[in-house]
>>> print(open('final25.pdb').read())   # PDB, N, CA and C atoms
MODEL        1
ATOM      1  N   MET G 703      26.242  23.778  49.829
ATOM      2  CA  MET G 703      27.284  23.717  48.847
ATOM      3  C   MET G 703      27.103  22.511  47.927
ATOM      4  N   ALA G 704      26.679  21.399  48.524
ATOM      5  CA  ALA G 704      26.519  20.178  47.729
ATOM      6  C   ALA G 704      25.475  20.386  46.627
ATOM      7  N   LYS G 705      24.359  20.980  46.979
ATOM      8  CA  LYS G 705      23.311  21.209  45.976
ATOM      9  C   LYS G 705      23.671  22.354  45.040
ATOM     10  N   LEU G 706      24.209  23.421  45.587
ATOM     11  CA  LEU G 706      24.527  24.604  44.784
ATOM     12  C   LEU G 706      25.522  24.281  43.680
ATOM     13  N   TYR G 707      26.550  23.501  44.009
ATOM     14  CA  TYR G 707      27.607  23.206  43.043
ATOM     15  C   TYR G 707      27.623  21.751  42.586
ATOM     16  N   ALA G 708      26.649  20.953  43.010
ATOM     17  CA  ALA G 708      26.595  19.526  42.676
ATOM     18  C   ALA G 708      27.894  18.821  43.071
ATOM     19  N   LEU G 709      28.305  19.035  44.331
ATOM     20  CA  LEU G 709      29.544  18.456  44.837
ATOM     21  C   LEU G 709      29.277  17.168  45.605
ATOM     22  N   ARG G 710      30.309  16.337  45.684
ATOM     23  CA  ARG G 710      30.256  15.150  46.552
ATOM     24  C   ARG G 710      30.303  15.633  48.003
ATOM     25  N   GLY G 711      29.919  14.764  48.915
ATOM     26  CA  GLY G 711      29.798  15.129  50.326
ATOM     27  C   GLY G 711      31.027  15.761  50.936
ATOM     28  N   TYR G 712      32.156  15.079  50.865
ATOM     29  CA  TYR G 712      33.368  15.605  51.490
ATOM     30  C   TYR G 712      33.871  16.874  50.803
ATOM     31  N   ASP G 713      33.671  16.964  49.501
ATOM     32  CA  ASP G 713      34.062  18.188  48.796
ATOM     33  C   ASP G 713      33.222  19.367  49.257
ATOM     34  N   ALA G 714      31.938  19.124  49.457
ATOM     35  CA  ALA G 714      31.042  20.182  49.939
ATOM     36  C   ALA G 714      31.441  20.633  51.335
ATOM     37  N   VAL G 715      31.825  19.693  52.190
ATOM     38  CA  VAL G 715      32.262  20.027  53.549
ATOM     39  C   VAL G 715      33.555  20.830  53.497
ATOM     40  N   GLN G 716      34.507  20.425  52.660
ATOM     41  CA  GLN G 716      35.768  21.149  52.536
ATOM     42  C   GLN G 716      35.525  22.575  52.048
ATOM     43  N   LEU G 717      34.674  22.734  51.048
ATOM     44  CA  LEU G 717      34.384  24.062  50.518
ATOM     45  C   LEU G 717      33.664  24.926  51.549
ATOM     46  N   ALA G 718      32.662  24.369  52.205
ATOM     47  CA  ALA G 718      31.914  25.139  53.206
ATOM     48  C   ALA G 718      32.816  25.546  54.361
ATOM     49  N   SER G 719      33.690  24.651  54.788
ATOM     50  CA  SER G 719      34.624  24.964  55.880
ATOM     51  C   SER G 719      35.594  26.058  55.475
ATOM     52  N   GLY G 720      36.141  25.937  54.291
ATOM     53  CA  GLY G 720      37.066  26.964  53.800
ATOM     54  C   GLY G 720      36.397  28.317  53.672
ATOM     55  N   ARG G 721      35.173  28.305  53.180
ATOM     56  CA  ARG G 721      34.426  29.564  53.012
ATOM     57  C   ARG G 721      34.158  30.222  54.364
ATOM     58  N   GLU G 722      33.669  29.446  55.317
ATOM     59  CA  GLU G 722      33.356  29.999  56.636
ATOM     60  C   GLU G 722      34.610  30.489  57.350
ATOM     61  N   LEU G 723      35.700  29.741  57.254
ATOM     62  CA  LEU G 723      36.952  30.168  57.869
ATOM     63  C   LEU G 723      37.464  31.439  57.218
ATOM     64  N   ASN G 724      37.326  31.542  55.901
ATOM     65  CA  ASN G 724      37.757  32.743  55.197
ATOM     66  C   ASN G 724      36.952  33.961  55.639
ATOM     67  N   ILE G 725      35.655  33.780  55.792
ATOM     68  CA  ILE G 725      34.803  34.882  56.280
ATOM     69  C   ILE G 725      35.250  35.308  57.670
ATOM     70  N   LEU G 726      35.532  34.341  58.531
ATOM     71  CA  LEU G 726      35.999  34.635  59.888
ATOM     72  C   LEU G 726      37.327  35.410  59.855
ATOM     73  N   CYS G 727      38.228  34.975  59.003
ATOM     74  CA  CYS G 727      39.526  35.659  58.889
ATOM     75  C   CYS G 727      39.349  37.089  58.388
ATOM     76  N   LEU G 728      38.551  37.263  57.353
ATOM     77  CA  LEU G 728      38.331  38.602  56.811
ATOM     78  C   LEU G 728      37.670  39.520  57.834
ATOM     79  N   THR G 729      36.738  38.986  58.595
ATOM     80  CA  THR G 729      36.037  39.761  59.619
ATOM     81  C   THR G 729      36.997  40.238  60.704
ATOM     82  N   ASN G 730      38.019  39.449  60.976
ATOM     83  CA  ASN G 730      38.960  39.768  62.049
ATOM     84  C   ASN G 730      40.304  40.297  61.548
ATOM     85  N   ASN G 731      40.307  40.797  60.310
ATOM     86  CA  ASN G 731      41.508  41.394  59.711
ATOM     87  C   ASN G 731      42.705  40.448  59.710
ATOM     88  N   LEU G 732      42.444  39.180  59.456
ATOM     89  CA  LEU G 732      43.500  38.177  59.347
ATOM     90  C   LEU G 732      43.722  37.857  57.873
ATOM     91  N   PRO G 733      44.854  37.244  57.533
ATOM     92  CA  PRO G 733      45.093  36.890  56.128
ATOM     93  C   PRO G 733      44.032  35.922  55.602
ATOM     94  N   VAL G 734      43.788  35.997  54.306
ATOM     95  CA  VAL G 734      42.795  35.114  53.690
ATOM     96  C   VAL G 734      43.279  33.666  53.717
ATOM     97  N   VAL G 735      42.339  32.763  53.584
ATOM     98  CA  VAL G 735      42.614  31.334  53.583
ATOM     99  C   VAL G 735      43.089  30.909  52.200
ATOM    100  N   ASN G 736      44.118  30.081  52.140
ATOM    101  CA  ASN G 736      44.515  29.436  50.894
ATOM    102  C   ASN G 736      43.833  28.084  50.855
ATOM    103  N   PHE G 737      42.947  27.902  49.906
ATOM    104  CA  PHE G 737      42.188  26.659  49.746
ATOM    105  C   PHE G 737      43.031  25.710  48.911
ATOM    106  N   VAL G 738      43.418  24.584  49.485
ATOM    107  CA  VAL G 738      44.304  23.637  48.804
ATOM    108  C   VAL G 738      43.497  22.439  48.328
ATOM    109  N   SER G 739      43.527  22.233  47.015
ATOM    110  CA  SER G 739      42.824  21.095  46.427
ATOM    111  C   SER G 739      43.429  20.782  45.068
ATOM    112  N   ALA G 740      43.488  19.499  44.750
ATOM    113  CA  ALA G 740      43.969  19.062  43.443
ATOM    114  C   ALA G 740      42.803  18.793  42.491
ATOM    115  N   ASP G 741      41.591  19.048  42.933
ATOM    116  CA  ASP G 741      40.391  18.809  42.135
ATOM    117  C   ASP G 741      40.013  20.097  41.405
ATOM    118  N   ASN G 742      40.138  20.102  40.091
ATOM    119  CA  ASN G 742      39.886  21.316  39.314
ATOM    120  C   ASN G 742      38.446  21.805  39.431
ATOM    121  N   ASP G 743      37.481  20.897  39.474
ATOM    122  CA  ASP G 743      36.082  21.313  39.623
ATOM    123  C   ASP G 743      35.848  21.963  40.980
ATOM    124  N   LEU G 744      36.407  21.373  42.019
ATOM    125  CA  LEU G 744      36.272  21.942  43.357
ATOM    126  C   LEU G 744      36.967  23.304  43.426
ATOM    127  N   ASN G 745      38.107  23.422  42.784
ATOM    128  CA  ASN G 745      38.812  24.705  42.765
ATOM    129  C   ASN G 745      37.989  25.786  42.080
ATOM    130  N   GLN G 746      37.279  25.439  41.020
ATOM    131  CA  GLN G 746      36.414  26.422  40.356
ATOM    132  C   GLN G 746      35.309  26.895  41.298
ATOM    133  N   CYS G 747      34.758  25.976  42.066
ATOM    134  CA  CYS G 747      33.728  26.339  43.052
ATOM    135  C   CYS G 747      34.323  27.252  44.119
ATOM    136  N   ALA G 748      35.527  26.928  44.566
ATOM    137  CA  ALA G 748      36.199  27.753  45.580
ATOM    138  C   ALA G 748      36.450  29.160  45.059
ATOM    139  N   LEU G 749      36.873  29.260  43.811
ATOM    140  CA  LEU G 749      37.060  30.586  43.213
ATOM    141  C   LEU G 749      35.749  31.355  43.177
ATOM    142  N   SER G 750      34.662  30.661  42.870
ATOM    143  CA  SER G 750      33.341  31.295  42.841
ATOM    144  C   SER G 750      32.924  31.825  44.209
ATOM    145  N   GLU G 751      33.443  31.193  45.260
ATOM    146  CA  GLU G 751      33.141  31.617  46.624
ATOM    147  C   GLU G 751      34.151  32.644  47.143
ATOM    148  N   GLY G 752      35.077  33.075  46.287
ATOM    149  CA  GLY G 752      36.020  34.121  46.660
ATOM    150  C   GLY G 752      37.260  33.634  47.379
ATOM    151  N   LEU G 753      37.531  32.326  47.331
ATOM    152  CA  LEU G 753      38.713  31.790  47.996
ATOM    153  C   LEU G 753      39.932  31.843  47.080
ATOM    154  N   VAL G 754      41.089  31.967  47.680
ATOM    155  CA  VAL G 754      42.355  31.866  46.957
ATOM    156  C   VAL G 754      42.712  30.393  46.924
ATOM    157  N   ILE G 755      43.010  29.857  45.746
ATOM    158  CA  ILE G 755      43.266  28.421  45.655
ATOM    159  C   ILE G 755      44.745  28.119  45.420
ATOM    160  N   GLU G 756      45.157  26.966  45.887
ATOM    161  CA  GLU G 756      46.470  26.392  45.637
ATOM    162  C   GLU G 756      46.227  24.976  45.141
ATOM    163  N   ASN G 757      46.683  24.683  43.935
ATOM    164  CA  ASN G 757      46.546  23.341  43.384
ATOM    165  C   ASN G 757      47.921  22.680  43.403
ATOM    166  N   PRO G 758      48.095  21.626  44.197
ATOM    167  CA  PRO G 758      49.396  20.972  44.274
ATOM    168  C   PRO G 758      49.860  20.387  42.943
ATOM    169  N   ASN G 759      48.939  20.171  42.023
ATOM    170  CA  ASN G 759      49.327  19.667  40.704
ATOM    171  C   ASN G 759      50.053  20.696  39.857
ATOM    172  N   ASN G 760      50.038  21.946  40.292
ATOM    173  CA  ASN G 760      50.715  23.009  39.544
ATOM    174  C   ASN G 760      52.190  23.097  39.843
ATOM    175  N   TYR G 761      52.686  22.241  40.715
ATOM    176  CA  TYR G 761      54.083  22.263  41.105
ATOM    177  C   TYR G 761      54.749  20.945  40.719
ATOM    178  N   PRO G 762      55.982  21.016  40.253
ATOM    179  CA  PRO G 762      56.681  19.780  39.851
ATOM    180  C   PRO G 762      57.043  18.893  41.032
TER     181      PRO G 762
ENDMDL
END
>>> encode(input="final25.pdb", output="structure tokens")
Amino acid sequence: MAKLYALRGYDAVQLASGRELNILCLTNNLPVVNFVSADNDLNQCALSEGLVIENPNNYP
């Protein structure tokens, strides 16, 4: 993830973890993962990986 999207270390770990957990949930007929991040660049990467995002900055 770090190389693919040019992400910082912890961002790459968060994205990879969210992606793998989402795959696990989908495989087992569980609800999809909501990926929570206030980083717009990271959220774009998450969308590219098929994750549903929640940006806390979108709420007052």
>>> resolve_selection(input="final25.pdb", expression="the PyMOL selection byres (((chain G and resi 752 and name CA) around 12) and name CA)", output="PyMOL selection string")
chain G and resi 717-718+720-725+728+734-737+745-751+753-755
>>> atom_distance(input="final25.pdb", atom1="CA of Ser719 in chain G", atom2="CA of Leu732 in chain G")
16.3 Å
>>> atom_distance(input="final25.pdb", atom1="CA of Asn760 in chain G", atom2="CA of Leu726 in chain G")
27.7 Å
>>> atom_distance(input="final25.pdb", atom1="CA of Val738 in chain G", atom2="CA of Tyr761 in chain G")
12.5 Å
>>> select_by_dssp(input="final25.pdb", residues="chain G", states="alpha helix (DSSP H)", output="PyMOL selection string")
chain G and resi 704-707+711-729+742-750
>>> resolve_selection(input="final25.pdb", expression="the PyMOL selection byres ((chain G and resi 740) around 6)", output="number ranges by chain")
G: 738-739, 741-742, 757-759
>>> select_by_dssp(input="final25.pdb", residues="chain G", states="strand (DSSP E or B)", output="ChimeraX atom specification")
/G:736-738,754-756
>>> axis_aligned_box(input="final25.pdb", around="range 754-757 of chain G", padding_each_side="3 Å", output="JSON")
{"center_x": 44.5, "center_y": 27.3, "center_z": 45.5, "size_x": 12.8, "size_y": 15.3, "size_z": 10.3}
>>> decode(input="final25.pdb", residues="range 710-721 of chain G", atoms="N, CA and C atoms", output="mmCIF file, in the first residue's frame")
data_model
loop_
_atom_site.group_PDB
_atom_site.id
_atom_site.type_symbol
_atom_site.label_atom_id
_atom_site.label_comp_id
_atom_site.auth_asym_id
_atom_site.auth_seq_id
_atom_site.Cartn_x
_atom_site.Cartn_y
_atom_site.Cartn_z
ATOM 1 N N ARG G 710 2.380 7.308 3.814
ATOM 2 C CA ARG G 710 3.268 7.210 4.984
ATOM 3 C C ARG G 710 3.020 5.851 5.642
ATOM 4 N N GLY G 711 3.948 5.435 6.479
ATOM 5 C CA GLY G 711 3.901 4.106 7.085
ATOM 6 C C GLY G 711 2.610 3.764 7.791
ATOM 7 N N TYR G 712 2.211 4.580 8.750
ATOM 8 C CA TYR G 712 1.005 4.273 9.515
ATOM 9 C C TYR G 712 -0.260 4.356 8.661
ATOM 10 N N ASP G 713 -0.266 5.252 7.692
ATOM 11 C CA ASP G 713 -1.418 5.329 6.790
ATOM 12 C C ASP G 713 -1.535 4.064 5.956
ATOM 13 N N ALA G 714 -0.400 3.558 5.506
ATOM 14 C CA ALA G 714 -0.393 2.317 4.721
ATOM 15 C C ALA G 714 -0.887 1.147 5.557
ATOM 16 N N VAL G 715 -0.490 1.096 6.823
ATOM 17 C CA VAL G 715 -0.937 0.027 7.721
ATOM 18 C C VAL G 715 -2.438 0.139 7.958
ATOM 19 N N GLN G 716 -2.943 1.349 8.189
ATOM 20 C CA GLN G 716 -4.373 1.545 8.406
ATOM 21 C C GLN G 716 -5.169 1.116 7.177
ATOM 22 N N LEU G 717 -4.711 1.503 5.997
ATOM 23 C CA LEU G 717 -5.411 1.140 4.769
ATOM 24 C C LEU G 717 -5.367 -0.366 4.530
ATOM 25 N N ALA G 718 -4.202 -0.967 4.693
ATOM 26 C CA ALA G 718 -4.077 -2.413 4.473
ATOM 27 C C ALA G 718 -4.936 -3.187 5.462
ATOM 28 N N SER G 719 -4.966 -2.746 6.708
ATOM 29 C CA SER G 719 -5.791 -3.413 7.728
ATOM 30 C C SER G 719 -7.268 -3.291 7.403
ATOM 31 N N GLY G 720 -7.684 -2.104 7.038
ATOM 32 C CA GLY G 720 -9.090 -1.897 6.674
ATOM 33 C C GLY G 720 -9.493 -2.727 5.472
ATOM 34 N N ARG G 721 -8.606 -2.787 4.497
ATOM 35 C CA ARG G 721 -8.892 -3.567 3.279
ATOM 36 C C ARG G 721 -9.026 -5.053 3.604
#
